[in-house]
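To be precise, the following lines are target.cif, and they hold mmCIF, C-alpha atoms.
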data_run
#
loop_
_atom_site.group_PDB
_atom_site.id
_atom_site.type_symbol
_atom_site.label_atom_id
_atom_site.label_comp_id
_atom_site.auth_asym_id
_atom_site.auth_seq_id
_atom_site.Cartn_x
_atom_site.Cartn_y
_atom_site.Cartn_z
ATOM 1 C CA MET A 928 31.935 -3.525 1.784
ATOM 2 C CA ALA A 929 28.475 -4.364 3.068
ATOM 3 C CA THR A 930 28.094 -5.568 6.597
ATOM 4 C CA ARG A 931 25.857 -8.362 7.649
ATOM 5 C CA THR A 932 23.329 -5.907 9.094
ATOM 6 C CA ASP A 933 23.091 -4.047 5.776
ATOM 7 C CA ASN A 934 22.491 -7.323 3.963
ATOM 8 C CA GLY A 935 19.822 -8.345 6.489
ATOM 9 C CA THR A 936 18.076 -4.996 6.209
ATOM 10 C CA ARG A 937 18.173 -5.130 2.422
ATOM 11 C CA THR A 938 16.735 -8.657 2.453
ATOM 12 C CA ALA A 939 13.983 -7.646 4.888
ATOM 13 C CA VAL A 940 13.001 -4.617 2.791
ATOM 14 C CA ASN A 941 12.963 -6.803 -0.308
ATOM 15 C CA TRP A 942 10.634 -9.326 1.310
ATOM 16 C CA ILE A 943 8.361 -6.662 2.777
ATOM 17 C CA LEU A 944 7.931 -5.002 -0.618
ATOM 18 C CA ALA A 945 7.442 -8.334 -2.386
ATOM 19 C CA ILE A 946 4.844 -9.624 0.065
ATOM 20 C CA LEU A 947 2.971 -6.306 0.214
ATOM 21 C CA SER A 948 2.664 -6.279 -3.565
ATOM 22 C CA ALA A 949 0.041 -9.038 -3.226
ATOM 23 C CA PRO A 950 -2.385 -6.969 -1.094
ATOM 24 C CA GLY A 951 -1.674 -4.009 -3.383
ATOM 25 C CA ALA A 952 -2.658 -6.088 -6.398
ATOM 26 C CA LEU A 953 -5.745 -7.304 -4.545
ATOM 27 C CA ALA A 954 -6.734 -3.701 -3.811
ATOM 28 C CA VAL A 955 -6.440 -2.844 -7.513
ATOM 29 C CA VAL A 956 -8.589 -5.838 -8.485
ATOM 30 C CA VAL A 957 -11.236 -5.009 -5.860
ATOM 31 C CA TYR A 958 -11.282 -1.369 -6.983
ATOM 32 C CA SER A 959 -11.739 -2.416 -10.598
ATOM 33 C CA TYR A 960 -14.658 -4.689 -9.698
ATOM 34 C CA LEU A 961 -16.272 -1.955 -7.621
ATOM 35 C CA GLN A 962 -15.980 0.497 -10.492
ATOM 36 C CA VAL A 963 -17.508 -1.990 -12.930
ATOM 37 C CA LEU A 964 -20.353 -2.713 -10.504
ATOM 38 C CA GLY A 965 -20.887 1.027 -10.163
ATOM 39 C CA THR A 966 -21.591 1.261 -13.876
ATOM 40 C CA ALA A 967 -24.013 -1.689 -13.888
ATOM 41 C CA GLY A 968 -27.061 0.582 -13.938
ATOM 42 C CA CYS A 969 -25.853 2.603 -16.911
ATOM 43 C CA SER A 970 -27.410 2.239 -20.303
ATOM 44 C CA SER A 971 -25.289 2.069 -23.412
ATOM 45 C CA GLY A 972 -25.987 5.707 -24.236
ATOM 46 C CA THR A 973 -25.113 7.223 -20.865
ATOM 47 C CA CYS A 974 -21.957 5.360 -19.827
ATOM 48 C CA THR A 975 -20.127 4.600 -23.025
ATOM 49 C CA LYS A 976 -16.741 6.035 -22.022
ATOM 50 C CA PHE A 977 -16.235 4.510 -18.565
ATOM 51 C CA GLY A 978 -13.220 2.318 -17.915
ATOM 52 C CA PRO A 979 -10.432 0.991 -20.076
ATOM 53 C CA ASN A 980 -11.142 -1.205 -23.081
ATOM 54 C CA GLU A 981 -11.658 -4.923 -22.538
ATOM 55 C CA THR A 982 -8.075 -5.886 -23.343
ATOM 56 C CA VAL A 983 -6.535 -3.433 -20.887
ATOM 57 C CA PHE A 984 -9.116 -4.313 -18.246
ATOM 58 C CA GLY A 985 -8.281 -8.020 -18.651
ATOM 59 C CA LEU A 986 -4.573 -7.309 -18.354
ATOM 60 C CA ILE A 987 -5.163 -5.331 -15.176
ATOM 61 C CA GLU A 988 -7.570 -7.902 -13.763
ATOM 62 C CA TYR A 989 -5.411 -10.970 -14.324
ATOM 63 C CA GLY A 990 -1.947 -9.517 -14.850
ATOM 64 C CA THR A 991 -1.629 -7.498 -11.659
ATOM 65 C CA PRO A 992 -2.061 -10.480 -9.287
ATOM 66 C CA ALA A 993 0.194 -12.569 -11.530
ATOM 67 C CA VAL A 994 2.946 -9.954 -11.347
ATOM 68 C CA ALA A 995 2.664 -9.888 -7.547
ATOM 69 C CA ALA A 996 2.868 -13.688 -7.393
ATOM 70 C CA VAL A 997 5.892 -13.741 -9.694
ATOM 71 C CA ALA A 998 7.571 -11.069 -7.554
ATOM 72 C CA VAL A 999 7.128 -13.180 -4.428
ATOM 73 C CA ALA A 1000 8.357 -16.306 -6.238
ATOM 74 C CA LEU A 1001 11.396 -14.547 -7.709
ATOM 75 C CA SER A 1002 12.233 -13.057 -4.332
ATOM 76 C CA PHE A 1003 13.116 -16.538 -3.112
ATOM 77 C CA VAL A 1004 16.032 -16.349 -5.532
ATOM 78 C CA THR A 1005 16.845 -12.634 -5.606
ATOM 79 C CA ALA A 1006 16.118 -11.350 -2.080
ATOM 80 C CA ARG A 1007 19.675 -11.731 -0.804
ATOM 81 C CA HIS A 1008 21.332 -10.335 -3.890
ATOM 82 C CA ARG A 1009 22.527 -6.756 -4.045
ATOM 83 C CA TYR A 1010 20.075 -5.691 -6.749
ATOM 84 C CA GLY A 1011 17.325 -8.102 -5.753
ATOM 85 C CA ILE A 1012 15.172 -5.139 -4.730
ATOM 86 C CA VAL A 1013 14.521 -4.533 -8.429
ATOM 87 C CA VAL A 1014 12.010 -7.406 -8.546
ATOM 88 C CA PRO A 1015 9.516 -6.034 -5.978
ATOM 89 C CA VAL A 1016 10.062 -2.473 -7.197
ATOM 90 C CA ILE A 1017 9.035 -3.510 -10.723
ATOM 91 C CA ALA A 1018 6.020 -5.314 -9.260
ATOM 92 C CA TRP A 1019 5.009 -2.144 -7.427
ATOM 93 C CA ILE A 1020 5.471 -0.079 -10.590
ATOM 94 C CA VAL A 1021 3.060 -2.419 -12.396
ATOM 95 C CA VAL A 1022 0.525 -2.324 -9.539
ATOM 96 C CA ILE A 1023 0.673 1.468 -9.299
ATOM 97 C CA GLY A 1024 0.443 1.773 -13.085
ATOM 98 C CA ALA A 1025 -2.676 -0.389 -13.120
ATOM 99 C CA ALA A 1026 -4.208 1.717 -10.371
ATOM 100 C CA VAL A 1027 -3.441 4.928 -12.254
ATOM 101 C CA VAL A 1028 -5.083 3.547 -15.403
ATOM 102 C CA LEU A 1029 -8.194 2.634 -13.426
ATOM 103 C CA PHE A 1030 -8.313 5.963 -11.571
ATOM 104 C CA THR A 1031 -8.050 7.965 -14.766
ATOM 105 C CA THR A 1032 -10.471 5.941 -16.888
ATOM 106 C CA PHE A 1033 -13.352 5.505 -14.431
#
Take the structure in the file and give it back as C-alpha coordinates.
Amino acid sequence: MATRTDNGTRTAVNWILAILSAPGALAVVVYSYLQVLGTAGCSSGTCTKFGPNETVFGLIEYGTPAVAAVAVALSFVTARHRYGIVVPVIAWIVVIGAAVVLFTTF
(Lines of atoms letter the chains of each structure in order from A and count residues from 1; the text may use other names and numbers.)
(Lines give C-alpha, C1' and ligand atoms only; values in the text may rest on other atoms or scores of the structure.)
Protein backbone atom coordinates (compact mmCIF):
# COMPACT_ATOMS: atom_id res chain seq x y z
CA MET A 1 0.00 0.00 0.00
CA ALA A 2 1.51 3.29 -1.11
CA THR A 3 1.31 6.24 1.19
CA ARG A 4 0.52 9.72 0.10
CA THR A 5 4.17 10.75 0.44
CA ASP A 6 5.28 7.94 -1.88
CA ASN A 7 2.71 9.01 -4.45
CA GLY A 8 3.82 12.65 -4.18
CA THR A 9 7.47 11.72 -4.55
CA ARG A 10 6.72 9.51 -7.54
CA THR A 11 4.72 12.30 -9.18
CA ALA A 12 7.49 14.84 -8.53
CA VAL A 13 10.16 12.55 -10.00
CA ASN A 14 7.94 11.94 -13.01
CA TRP A 15 7.51 15.66 -13.64
CA ILE A 16 11.18 16.44 -13.09
CA LEU A 17 12.24 13.80 -15.62
CA ALA A 18 9.57 14.87 -18.11
CA ILE A 19 10.40 18.57 -17.92
CA LEU A 20 14.17 17.98 -18.03
CA SER A 21 13.78 15.93 -21.20
CA ALA A 22 13.12 19.20 -23.06
CA PRO A 23 16.51 20.78 -22.21
CA GLY A 24 18.12 17.41 -22.91
CA ALA A 25 16.55 17.35 -26.36
CA LEU A 26 17.64 20.96 -26.91
CA ALA A 27 21.21 20.03 -25.99
CA VAL A 28 21.16 17.21 -28.56
CA VAL A 29 19.84 19.55 -31.26
CA VAL A 30 22.43 22.24 -30.44
CA TYR A 31 25.21 19.63 -30.47
CA SER A 32 24.07 18.35 -33.85
CA TYR A 33 24.06 21.86 -35.32
CA LEU A 34 27.51 22.57 -33.90
CA GLN A 35 28.86 19.37 -35.42
CA VAL A 36 27.37 20.21 -38.81
CA LEU A 37 28.80 23.73 -38.64
CA GLY A 38 32.16 22.23 -37.75
CA THR A 39 32.18 20.34 -41.04
CA ALA A 40 31.20 23.39 -43.12
CA GLY A 41 34.77 23.96 -44.29
CA CYS A 42 35.23 20.39 -45.49
CA SER A 43 35.31 19.53 -49.14
CA SER A 44 33.47 16.52 -50.47
CA GLY A 45 36.67 14.48 -50.63
CA THR A 46 37.91 15.11 -47.09
CA CYS A 47 34.76 14.84 -44.97
CA THR A 48 32.60 12.28 -46.68
CA LYS A 49 31.96 10.05 -43.64
CA PHE A 50 30.98 12.61 -40.99
CA GLY A 51 27.59 12.37 -39.33
CA PRO A 52 24.59 10.15 -39.82
CA ASN A 53 22.76 10.00 -43.14
CA GLU A 54 20.16 12.65 -43.90
CA THR A 55 17.20 10.55 -42.79
CA VAL A 56 18.67 9.73 -39.38
CA PHE A 57 19.85 13.31 -38.93
CA GLY A 58 16.33 14.58 -39.70
CA LEU A 59 14.82 12.14 -37.22
CA ILE A 60 17.24 13.29 -34.54
CA GLU A 61 16.78 16.96 -35.39
CA TYR A 62 12.98 17.00 -35.38
CA GLY A 63 12.08 13.82 -33.52
CA THR A 64 14.01 14.41 -30.32
CA PRO A 65 12.23 17.68 -29.40
CA ALA A 66 8.91 16.15 -30.44
CA VAL A 67 9.46 13.18 -28.12
CA ALA A 68 10.26 15.55 -25.25
CA ALA A 69 7.11 17.58 -25.94
CA VAL A 70 4.98 14.44 -26.10
CA ALA A 71 6.49 13.24 -22.81
CA VAL A 72 5.53 16.49 -21.09
CA ALA A 73 2.04 16.38 -22.61
CA LEU A 74 1.47 12.74 -21.66
CA SER A 75 2.71 13.41 -18.15
CA PHE A 76 -0.40 15.49 -17.54
CA VAL A 77 -2.30 12.21 -17.79
CA THR A 78 0.21 9.66 -16.49
CA ALA A 79 2.20 11.47 -13.78
CA ARG A 80 0.05 10.30 -10.88
CA HIS A 81 -0.26 6.73 -12.07
CA ARG A 82 1.91 3.98 -10.65
CA TYR A 83 3.75 3.29 -13.90
CA GLY A 84 3.55 6.83 -15.23
CA ILE A 85 7.33 7.11 -14.89
CA VAL A 86 7.61 5.00 -18.04
CA VAL A 87 6.73 8.00 -20.24
CA PRO A 88 9.66 10.26 -19.25
CA VAL A 89 12.02 7.29 -19.04
CA ILE A 90 11.23 6.39 -22.67
CA ALA A 91 11.74 10.04 -23.62
CA TRP A 92 15.16 10.01 -21.95
CA ILE A 93 16.06 6.75 -23.70
CA VAL A 94 15.28 8.41 -27.05
CA VAL A 95 17.26 11.56 -26.17
CA ILE A 96 20.26 9.55 -24.97
CA GLY A 97 20.05 7.30 -28.03
CA ALA A 98 20.10 10.32 -30.32
CA ALA A 99 23.10 11.72 -28.47
CA VAL A 100 24.94 8.41 -28.76
CA VAL A 101 24.29 8.29 -32.51
CA LEU A 102 25.65 11.82 -32.89
CA PHE A 103 28.68 11.17 -30.67
CA THR A 104 29.64 8.05 -32.58
CA THR A 105 29.08 9.36 -36.10
CA PHE A 106 30.77 12.77 -35.86
*Residue contacts of segment 948-963 of chain A (9 Å, only C-alpha atoms) excluding same-chain residues fewer than 2 positions away, as number ranges by chain*: A: 943-946, 965-967, 977-978, 984, 987-989, 991-996, 998-999, 1015, 1018-1019, 1022-1023, 1025-1026, 1029, 1033
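In this comparison, which uses only C-alpha atoms, the residue of A:Leu986, A:Val1021, A:Val1028, A:Ala939 approaching Phe1003 of chain A most closely is A:Ala939.
In terms of minimum interatomic distance to Gly1024 of chain A, A:Val983 ranks closest within A:Val983, A:Leu947, A:Ile1012, A:Ala1000, counting only C-alpha atoms.
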*Between atom CA of Gly1011 of chain A and atom CA of Asn934 of chain A - distance in Å to one decimal*: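 So the two atoms, atom CA of Asn934 of chain A and atom CA of Gly1011 of chain A, lie 11.0 Å apart.
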*Grab the atom CA of Gly985 of chain A to atom CA of Ala1006 of chain A distance for me, in Å with one decimal place.*
29.7 Å
How big is the axis-aligned box, and where does its centre sit, when it encloses all atoms of segment 1001-1016 of chain A listed in the file and has 6 Å added on every side, reported in Å to one decimal as lines of an AutoDock Vina configuration file?
center_x = 16.0
center_y = -9.5
center_z = -4.7
size_x = 25.0
size_y = 26.1
size_z = 19.7
_Nearby residues (all atoms listed in the file) at most 12 Å from Arg1009 of chain A, same-chain spacing under 2 positions excluded, as a list in words_ = Met928, Ala929, Asp933, Asn934, Gly935, Thr936, Arg937, Thr938, Val940, Asn941, Val1004, Thr1005, Ala1006, Arg1007, Gly1011, Ile1012, Val1013 and Val1014 of chain A
_If I take atom CA of Val997 of chain A and atom CA of Phe1030 of chain A, how far is one from the other in Å, to one decimal?_
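Interatomic distance here is 24.4 Å.
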With the input short on atoms, add N, CA and C atoms back to segment 992-1016 of chain A and write it as an mmCIF file, keeping the file's coordinate frame.
data_model
loop_
_atom_site.group_PDB
_atom_site.id
_atom_site.type_symbol
_atom_site.label_atom_id
_atom_site.label_comp_id
_atom_site.auth_asym_id
_atom_site.auth_seq_id
_atom_site.Cartn_x
_atom_site.Cartn_y
_atom_site.Cartn_z
ATOM 1 N N PRO A 992 -2.343 -9.440 -10.287
ATOM 2 C CA PRO A 992 -2.061 -10.480 -9.287
ATOM 3 C C PRO A 992 -0.948 -11.437 -9.731
ATOM 4 N N ALA A 993 -0.865 -11.685 -11.035
ATOM 5 C CA ALA A 993 0.194 -12.569 -11.530
ATOM 6 C C ALA A 993 1.569 -11.936 -11.325
ATOM 7 N N VAL A 994 1.674 -10.644 -11.559
ATOM 8 C CA VAL A 994 2.946 -9.954 -11.347
ATOM 9 C C VAL A 994 3.334 -10.004 -9.867
ATOM 10 N N ALA A 995 2.376 -9.815 -8.983
ATOM 11 C CA ALA A 995 2.664 -9.888 -7.547
ATOM 12 C C ALA A 995 3.116 -11.300 -7.153
ATOM 13 N N ALA A 996 2.473 -12.307 -7.695
ATOM 14 C CA ALA A 996 2.868 -13.688 -7.393
ATOM 15 C C ALA A 996 4.266 -13.996 -7.929
ATOM 16 N N VAL A 997 4.557 -13.522 -9.120
ATOM 17 C CA VAL A 997 5.892 -13.741 -9.694
ATOM 18 C C VAL A 997 6.940 -13.008 -8.872
ATOM 19 N N ALA A 998 6.616 -11.823 -8.384
ATOM 20 C CA ALA A 998 7.571 -11.069 -7.554
ATOM 21 C C ALA A 998 7.896 -11.825 -6.270
ATOM 22 N N VAL A 999 6.876 -12.399 -5.647
ATOM 23 C CA VAL A 999 7.128 -13.180 -4.428
ATOM 24 C C VAL A 999 7.951 -14.428 -4.767
ATOM 25 N N ALA A 1000 7.616 -15.099 -5.851
ATOM 26 C CA ALA A 1000 8.357 -16.306 -6.238
ATOM 27 C C ALA A 1000 9.804 -15.983 -6.591
ATOM 28 N N LEU A 1001 10.024 -14.914 -7.341
ATOM 29 C CA LEU A 1001 11.396 -14.547 -7.709
ATOM 30 C C LEU A 1001 12.201 -14.054 -6.515
ATOM 31 N N SER A 1002 11.524 -13.537 -5.510
ATOM 32 C CA SER A 1002 12.233 -13.057 -4.332
ATOM 33 C C SER A 1002 12.902 -14.188 -3.563
ATOM 34 N N PHE A 1003 12.425 -15.406 -3.733
ATOM 35 C CA PHE A 1003 13.116 -16.538 -3.112
ATOM 36 C C PHE A 1003 14.529 -16.665 -3.656
ATOM 37 N N VAL A 1004 14.718 -16.261 -4.899
ATOM 38 C CA VAL A 1004 16.032 -16.349 -5.532
ATOM 39 C C VAL A 1004 16.822 -15.055 -5.389
ATOM 40 N N THR A 1005 16.141 -13.910 -5.497
ATOM 41 C CA THR A 1005 16.845 -12.634 -5.606
ATOM 42 C C THR A 1005 16.909 -11.816 -4.322
ATOM 43 N N ALA A 1006 16.232 -12.202 -3.267
ATOM 44 C CA ALA A 1006 16.118 -11.350 -2.080
ATOM 45 C C ALA A 1006 17.468 -11.048 -1.440
ATOM 46 N N ARG A 1007 18.385 -11.950 -1.464
ATOM 47 C CA ARG A 1007 19.675 -11.731 -0.804
ATOM 48 C C ARG A 1007 20.721 -11.108 -1.710
ATOM 49 N N HIS A 1008 20.378 -10.929 -2.963
ATOM 50 C CA HIS A 1008 21.332 -10.335 -3.890
ATOM 51 C C HIS A 1008 21.314 -8.818 -3.766
ATOM 52 N N ARG A 1009 22.387 -8.201 -4.187
ATOM 53 C CA ARG A 1009 22.527 -6.756 -4.045
ATOM 54 C C ARG A 1009 21.414 -5.988 -4.764
ATOM 55 N N TYR A 1010 21.114 -6.372 -5.979
ATOM 56 C CA TYR A 1010 20.075 -5.691 -6.749
ATOM 57 C C TYR A 1010 18.778 -6.486 -6.799
ATOM 58 N N GLY A 1011 18.552 -7.321 -5.817
ATOM 59 C CA GLY A 1011 17.325 -8.102 -5.753
ATOM 60 C C GLY A 1011 16.094 -7.251 -5.508
ATOM 61 N N ILE A 1012 16.285 -6.042 -5.007
ATOM 62 C CA ILE A 1012 15.172 -5.139 -4.730
ATOM 63 C C ILE A 1012 14.457 -4.726 -6.008
ATOM 64 N N VAL A 1013 15.113 -4.922 -7.146
ATOM 65 C CA VAL A 1013 14.521 -4.533 -8.429
ATOM 66 C C VAL A 1013 13.235 -5.322 -8.689
ATOM 67 N N VAL A 1014 13.184 -6.562 -8.282
ATOM 68 C CA VAL A 1014 12.010 -7.406 -8.546
ATOM 69 C C VAL A 1014 10.753 -6.847 -7.874
ATOM 70 N N PRO A 1015 10.746 -6.597 -6.560
ATOM 71 C CA PRO A 1015 9.516 -6.034 -5.978
ATOM 72 C C PRO A 1015 9.245 -4.600 -6.412
ATOM 73 N N VAL A 1016 10.285 -3.841 -6.734
ATOM 74 C CA VAL A 1016 10.062 -2.473 -7.197
ATOM 75 C C VAL A 1016 9.333 -2.493 -8.545
#
